[in-house]
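Peer 1: First, the structure itself, so that you have it in front of you.
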Protein chains: 2
Amino acid sequence: MSQKLHKAATPELSDVKLTGGLFGKVYDNTREHVIPYMWDILNDSDDIKAASMFVETDKKGEEEYPSHCIANFKIAAGEEKGNFYGMVFQDSDLAKWLEAVSYMLAAKRDPELEAKADWAIDLVEKAQEEDGYLDTYFTLNAPDKKFTDLMECHELYVTGHMMEAAVAYYEATGKRKLLDVMLRMAKLIDSKLGPADQGKMPGYPGHEEIELALVKMYRATGEEWLLNLAKFFIDERGQEPKYFVEELERNKNSYFSKYNPPYGMYSFGQEYAQYHLPVREQKEFLGHAVRCMYLAEGMIDVARETGDTGLLDAVKDLFHNMIERKMYVTGGIGSSADGERFTGDYDLPNNTVYAETCASVGLVFFMQKMLELEQNSVYADVMERALYNTCLASTSLDGKNYFYVNPLEVNPAIIKQNPDLRHVKPVRPQWFGCACCPPNLARMIASLGKDIYCVNGDKVFVHLYAANEASLKVNGQDVKISMETNYPYELSVRITPSAGKYTVALRIPDWSRGCYEIKVAGDKIDAKLVNGYAMIDRDWNGSDVIEITFDDKVKRVYANPNVISDIGKVAIQYGPVVYCLEEVDNGSNLHSLFLTGDNTFTKTWKADKLGGIVELKA
Amino acid sequence: MSQKLHKAATPELSDVKLTGGLFGKVYDNTREHVIPYMWDILNDSDDIKAASMFVETDKKGEEEYPSHCIANFKIAAGEEKGNFYGMVFQDSDLAKWLEAVSYMLAAKRDPELEAKADWAIDLVEKAQEEDGYLDTYFTLNAPDKKFTDLMECHELYVTGHMMEAAVAYYEATGKRKLLDVMLRMAKLIDSKLGPADQGKMPGYPGHEEIELALVKMYRATGEEWLLNLAKFFIDERGQEPKYFVEELERNKNSYFSKYNPPYGMYSFGQEYAQYHLPVREQKEFLGHAVRCMYLAEGMIDVARETGDTGLLDAVKDLFHNMIERKMYVTGGIGSSADGERFTGDYDLPNNTVYAETCASVGLVFFMQKMLELEQNSVYADVMERALYNTCLASTSLDGKNYFYVNPLEVNPAIIKQNPDLRHVKPVRPQWFGCACCPPNLARMIASLGKDIYCVNGDKVFVHLYAANEASLKVNGQDVKISMETNYPYELSVRITPSAGKYTVALRIPDWSRGCYEIKVAGDKIDAKLVNGYAMIDRDWNGSDVIEITFDDKVKRVYANPNVISDIGKVAIQYGPVVYCLEEVDNGSNLHSLFLTGDNTFTKTWKADKLGGIVELKA
């Protein structure tokens, strides 16, 4: 293999302490309230059962559980009697929770939380079959069907999430148990799937995820066969003869695809799962948006470890096509609920849109990985857009209610009667039959500390602005960065770098380009802009403060004129936040409101509204 | 029963001769080309098979037939071997064709065409089972399931259409064979379905249609049990305990609803088939739009024959709710493809819209029936709007290509990639797997002559404007009306009434209200407007000409401001015709075109374009 691609260093989570502000508030709430709340749900605790929650599920008529996730593991482990309940990928809810917990523990050990995780990991180990197989859906429901329906049954997806949890837990605690469990499962998969000329089935996941997870496992263990398997999955995808075409043929008369297909995914077409073409030949994201994001991450990871710049270029093409033609102003992606998918260029309907929370969470991870390889502010701009306007906006203030779908236009009366909008909810549900999004969001929030900085040589790149104290290694020196700000409510930031000679590279957000001011030690400076970062190269004295003031005008954002749905429409943005007009503030007939050319906005800080927001009036 | 409601007289089809113009052209083309073309399709003629038509069907992988309709009858009649193919209501395609043929024959006998119809009727009779049962789907596919799935299996719907054909053929030719066939089927139905206290099953059709057809049969035969059965179906619909709730319970484990439900219609909800409430309590059309139209017709028919003004008032409430909140500017109805249904108030999306051709055909019939009971121009306005802008616009000039769905906004690139728009076609297909619309349109066009006039006492009401010569009975006198016009391309009409003392009541279309001129014998007159009709009461001398000039300004039509999808949008209408902007004339980016406040339009008659149209430029 060629040389690995150079990567900037991302700080450990223990080295970036969020100190208040929006990020700090969300993070603390997630640690203190959301993680325990999700644990109760995963365990179907009595409190949760008693709450008769507003759960989105299609399983009417059966006994309903908010989750049954831990119960599935207990039954598979032989500790309880019962049947599997939930989605084929129900196990991944626990995996994502464990990953989120790991990030919390990485930042700050917590014996009580760790004990819960240890207990869960013991249970997972007990649910593992003797040959290493781990997936409670198949263990309990269809033990003779393992690895026969890779397209629809999410085995490799579930495995990938549990691998991510395993690596994160190992890195946070040094405990190897889950890592070893997942190494055994990986070995089993490696013995079954791989190049046909090695006598294996040339299959790959219907839902990408394991590729990036295998690379994490490889980095944690140094075992190269893990990387090779990831590379195989990436390279084989979409090659002729197509594995899924043959798999469907084999399954035509089976339980899975005839009488009770889990989801009928074959019928969504090859683009749905990105196997219409080899991945290097794909020029636009098509199909299921979350799959696309995880595929992109896997491609970056494999490219990075194998030095495959061609593969990285393919990802960049996909990225640019997306941001120019297929992304909402909110960083939402996926224009159609049918297949939760990307559609064609400039097709960005505001009401029928899907914009799944998980897709934007995936986009944040994708951007984080791009920033490690290439410090270009376009990636951080997109990350910030998705982070504030879809990911964080998808949850309630208490973090316990969630939008799965994040529309740009909702009329409660209309969505109630038009089945084309049945995926759109007027209020955030408490949980979902398909609960992929809430724990996905938790692991993103728990790892926010990794999104703010990266260090490349003697340069500290600041991608996001949030109050924090960070300890970084810059060219071997210990550097501390202290950041004070009430961003995104106040668009000014004070940064105090510790003493030493290095560059602080400040991202100038796209919405502030050409209109910002930087002072160092009170003096306005004119810093060179490189790839969207203002480079401040200096021998810092440890007390000098950088003061950045961004453009604080309220912006009117217009879509590309090719976007039919946005003709005559304008979005209102202040800082990175795209605003929402609601009837509670504006009366009914929101659609009749318009801005004249000379409307000006007033901004008011409302400390008591939604936990503190900047209210706009026009 | 109370007295029948008074009804205006509608002329016989033989008494209204279309003499050129758009109606004449469409009518002649339908008689000369479309009716024979459909006959070839129903017979899967060699020409049709060779043409490898662009047929919309989901039945991929099987041997494909454009229709197989006649073949189903042949197999059921024992004349051929084979299997049933097609929709459960495939028989209705022949029924509608026979009805269209009957109207053609009523206007002008044609031995060759009549011979085909006679042959088909002989075949239908042979396909009838001994007990009177007639429905090839059940005869061939599920003889033990008759009348067990009224919700989904369209038996009563198919029967209704064949009854309409039977009455029409009997009235056109005096031949009773099909009428007798359908009387036997009606007897069988009457022996099975009806009041529970008579030991019958209290079922009613999942798809309304038989109600109005039973009333036609009653009028043709005078047999009151037919009317009573229609009334039962209307009255029983939506009563508790709900028949379909119990039927679904009985069918839960049957072929129909578990492993291979024909369409899964139960899952669309009770509103889908209008059994959520008793019909008199329904205040808005909900669910499948075609069903709503046929239900309304059935309600009018039963109200008329039984003198039930309360039932008629219920229809009027539904009508007004629809035209104020649920109808497109094109007279299209049904906002969602999911269930082909009406949605909520003011929910009129332009791209995801369904606006099925059959629904607007049903609306034209509905309006025609309202006009017989009440000569109010609002019904004729709606009829005209639907007629020109959805019904006639749905077919190609040659009448052999059809839109099933009639969207108001189509972007071919977007519909190709967004599955939410998969029902929208950029060009008219030649036929459909579900071929309800083409022959429905044919029977509407074949009966256009009934839409133009009605006579009430000494008043001749002119609802529509089209070149024709009509012979009417007015208060016992023979009256002839000659109408010359190139409407809707020229918005002036010359009418010559024959001698006699009677009133000519001219409809003033909604788009011309307050701006029109009427001259009689060259003198401008000021006719009194009653319910939208200009009343010209006169002792006609037989040579005086009425000249009407309507408003010929190009109109900008704005939606009700509650229609979110139409904010900032305007429709362009000239006369009754709503215009369409196409890329071929305007270049791409149609969505970027806008009209300024002072844009004026020029109109040009283009004889060589689309068979002659008025082209507008702004």
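Convention: chains lettered A, B, ... in structure tokens order; per-chain residue numbering from 1; ligands numbered from 1 as shown.
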With only C-alpha atoms as the counted atoms, please give the residues lying no more than 12 Å from stretch 267-278 of chain B, apart from itself and same-chain residues fewer than 5 positions off, as a ChimeraX atom specification.

Peer 2: /A:417-419 /B:150-152,154,203-209,232-245,248,257-258,261-262,283-296,299,311,314,334,336-344

Peer 1: Kindly provide the residues of stretch 460-533 of chain A that approach stretch 593-616 of chain A to within 10 Å, each paired with its closest atom pair and their distance in Å to one decimal, based on only C-alpha atoms, listed by chain and increasing number, as a Markdown table.

Peer 2:
| residue | atom | partner | partner_atom | distance |
| --- | --- | --- | --- | --- |
| A:Pro488 | CA | A:Val614 | CA | 9.0 |
| A:Tyr489 | CA | A:Val614 | CA | 6.0 |
| A:Glu490 | CA | A:Val614 | CA | 8.6 |

Peer 1: Looking at only C-alpha atoms, which of B:Val577, B:Val504, B:Ile414, B:Leu464 is the one that sits closest to chain A?

Peer 2: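 For chain A, the nearest of the candidates is B:Ile414.
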
Peer 1: Set the distance at 7 Å and use only C-alpha atoms: which residues neighbour stretch 366-370 of chain A once local chain neighbours fewer than 6 positions away are removed? I'd like the list as a PyMOL selection string.

Peer 2: chain A and resi 293+296-297+379-380+383+451

Peer 1: Using DSSP on the backbone coordinates, identify the residues of stretch 211-453 of chain A assigned to strand (DSSP E); present them as a ChimeraX atom specification.

Peer 2: /A:287-288,341-342,431-432,453

Peer 1: Determine which residues of stretch 8-132 of chain A receive a DSSP assignment of alpha helix (DSSP H), computed from the backbone, and state them as a ChimeraX atom specification.

Peer 2: /A:21-29,35-42,46-50,69-76,91-107,111-127

Peer 1: Which one of A:Gln198, A:Thr221, A:Asn350, A:Ser360 sits closest to A:Ile567 if you count only C-alpha atoms?

Peer 2: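 Closest to A:Ile567, using only C-alpha atoms: A:Asn350.
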
Peer 1: So how far away is atom CA of B:Val382 from atom CA of B:Leu18, in Å?

Peer 2: 21.4 Å

Peer 1: Applying 9 Å and only C-alpha atoms, which residues near stretch 579-581 of chain B remain after dropping the ones on its own chain fewer than 3 positions away? List them as a list in words.

Peer 2: Asn389, Leu408, Ala571, Ile572, Gln573, Tyr574, Val584, Asp585, Asn586, Leu590 and Leu616 of chain B

Peer 1: Select, from B:Ile495, B:Val563, B:Met327, B:Val167, the residue with the minimum atom-to-atom distance to chain A, counting only C-alpha atoms.

Peer 2: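 Ranking B:Ile495, B:Val563, B:Met327, B:Val167 by distance to chain A, first place goes to B:Val563.
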
Peer 1: Of the candidates A:Lys416, A:Arg556, A:Lys400, A:Arg280, which shows the shortest atom-to-atom distance to chain B, using only C-alpha atoms?

Peer 2: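 Once distances to chain B are computed over only C-alpha atoms, the minimum belongs to A:Lys416.
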
Peer 1: Determine, counting only C-alpha atoms, which protein, DNA and RNA residues have an atom within 12 Å of an atom of B:Met38; residues of the same chain fewer than 5 positions away are not included. Present the result as an NGL selection string.

Peer 2: :B and (30-33 or 43-45 or 47-48 or 66-70 or 93-98 or 100-101 or 399-401 or 430-432 or 435 or 437-443)

Peer 1: Can you write just those residues out, N, CA and C atoms, as a short mmCIF file (atom, residue, chain, number, x, y, z; two decimals), in the first residue's frame?

Peer 2:
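The resulting file, selection-v7.cif, is reproduced below:
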data_model
loop_
_atom_site.label_atom_id
_atom_site.label_comp_id
_atom_site.auth_asym_id
_atom_site.auth_seq_id
_atom_site.Cartn_x
_atom_site.Cartn_y
_atom_site.Cartn_z
N THR B 30 -63.28 11.18 -31.83
CA THR B 30 -63.58 10.07 -30.91
C THR B 30 -64.39 8.99 -31.64
N ARG B 31 -65.39 9.43 -32.40
CA ARG B 31 -66.22 8.44 -33.11
C ARG B 31 -65.42 7.71 -34.18
N GLU B 32 -64.66 8.49 -34.95
CA GLU B 32 -64.01 7.89 -36.12
C GLU B 32 -62.73 7.14 -35.76
N HIS B 33 -62.00 7.63 -34.77
CA HIS B 33 -60.68 7.05 -34.51
C HIS B 33 -60.53 6.42 -33.13
N ASN B 43 -59.40 -5.73 -27.48
CA ASN B 43 -59.24 -7.05 -28.11
C ASN B 43 -57.78 -7.48 -28.24
N ASP B 44 -56.86 -6.66 -27.76
CA ASP B 44 -55.43 -6.96 -27.96
C ASP B 44 -55.17 -7.37 -29.41
N SER B 45 -55.62 -6.54 -30.32
CA SER B 45 -55.48 -6.88 -31.74
C SER B 45 -54.01 -6.98 -32.11
N ASP B 47 -52.38 -5.52 -34.39
CA ASP B 47 -51.80 -4.18 -34.58
C ASP B 47 -51.33 -3.60 -33.25
N ILE B 48 -52.17 -3.75 -32.26
CA ILE B 48 -51.85 -3.19 -30.95
C ILE B 48 -50.66 -3.91 -30.35
N PRO B 66 -51.82 -5.03 -23.47
CA PRO B 66 -52.35 -3.70 -23.21
C PRO B 66 -53.65 -3.79 -22.42
N SER B 67 -54.49 -4.79 -22.71
CA SER B 67 -55.77 -4.82 -22.02
C SER B 67 -56.17 -6.21 -21.51
N HIS B 68 -56.37 -7.16 -22.43
CA HIS B 68 -56.87 -8.50 -22.09
C HIS B 68 -58.31 -8.47 -21.64
N CYS B 69 -58.98 -7.36 -21.84
CA CYS B 69 -60.34 -7.22 -21.32
C CYS B 69 -61.31 -8.18 -22.02
N ILE B 70 -61.33 -8.15 -23.35
CA ILE B 70 -62.22 -9.05 -24.09
C ILE B 70 -61.79 -10.50 -23.85
N ASP B 93 -63.63 -1.61 -18.34
CA ASP B 93 -63.13 -0.95 -19.56
C ASP B 93 -64.07 -1.20 -20.73
N LEU B 94 -64.52 -2.45 -20.84
CA LEU B 94 -65.48 -2.77 -21.91
C LEU B 94 -66.81 -2.05 -21.65
N ALA B 95 -67.21 -2.03 -20.39
CA ALA B 95 -68.49 -1.39 -20.06
C ALA B 95 -68.49 0.07 -20.49
N LYS B 96 -67.39 0.77 -20.17
CA LYS B 96 -67.36 2.19 -20.53
C LYS B 96 -67.31 2.37 -22.04
N TRP B 97 -66.60 1.45 -22.69
CA TRP B 97 -66.56 1.52 -24.16
C TRP B 97 -67.96 1.33 -24.73
N LEU B 98 -68.67 0.34 -24.21
CA LEU B 98 -70.04 0.10 -24.70
C LEU B 98 -70.94 1.29 -24.43
N ALA B 100 -69.92 4.45 -24.26
CA ALA B 100 -69.53 5.47 -25.23
C ALA B 100 -70.12 5.15 -26.60
N VAL B 101 -70.02 3.89 -26.99
CA VAL B 101 -70.58 3.47 -28.28
C VAL B 101 -72.08 3.73 -28.31
N GLY B 399 -56.32 11.86 -29.64
CA GLY B 399 -57.20 11.14 -28.72
C GLY B 399 -56.67 9.78 -28.31
N LYS B 400 -55.43 9.50 -28.63
CA LYS B 400 -54.91 8.15 -28.38
C LYS B 400 -53.79 8.11 -27.34
N ASN B 401 -53.50 9.22 -26.75
CA ASN B 401 -52.55 9.25 -25.63
C ASN B 401 -53.21 10.01 -24.49
N GLN B 430 -49.68 5.83 -23.87
CA GLN B 430 -50.68 5.37 -24.84
C GLN B 430 -51.79 4.57 -24.20
N TRP B 431 -51.50 3.97 -23.07
CA TRP B 431 -52.53 3.18 -22.40
C TRP B 431 -52.05 2.93 -20.98
N PHE B 432 -52.86 2.34 -20.17
CA PHE B 432 -52.49 2.13 -18.78
C PHE B 432 -52.82 0.71 -18.34
N ALA B 435 -56.64 1.12 -16.73
CA ALA B 435 -57.07 1.93 -17.88
C ALA B 435 -58.43 2.55 -17.68
N CYS B 437 -59.25 5.68 -17.14
CA CYS B 437 -59.50 7.03 -17.65
C CYS B 437 -59.84 7.09 -19.15
N PRO B 438 -59.09 6.44 -20.04
CA PRO B 438 -59.39 6.65 -21.47
C PRO B 438 -60.84 6.36 -21.85
N PRO B 439 -61.40 5.19 -21.49
CA PRO B 439 -62.79 4.97 -21.92
C PRO B 439 -63.79 5.83 -21.14
N ASN B 440 -63.38 6.31 -19.99
CA ASN B 440 -64.25 7.21 -19.23
C ASN B 440 -64.39 8.53 -19.97
N LEU B 441 -63.26 8.97 -20.48
CA LEU B 441 -63.23 10.19 -21.27
C LEU B 441 -64.06 10.01 -22.54
N ALA B 442 -63.96 8.83 -23.14
CA ALA B 442 -64.71 8.58 -24.38
C ALA B 442 -66.21 8.69 -24.12
N ARG B 443 -66.67 8.13 -22.99
CA ARG B 443 -68.12 8.22 -22.76
C ARG B 443 -68.54 9.64 -22.43
#
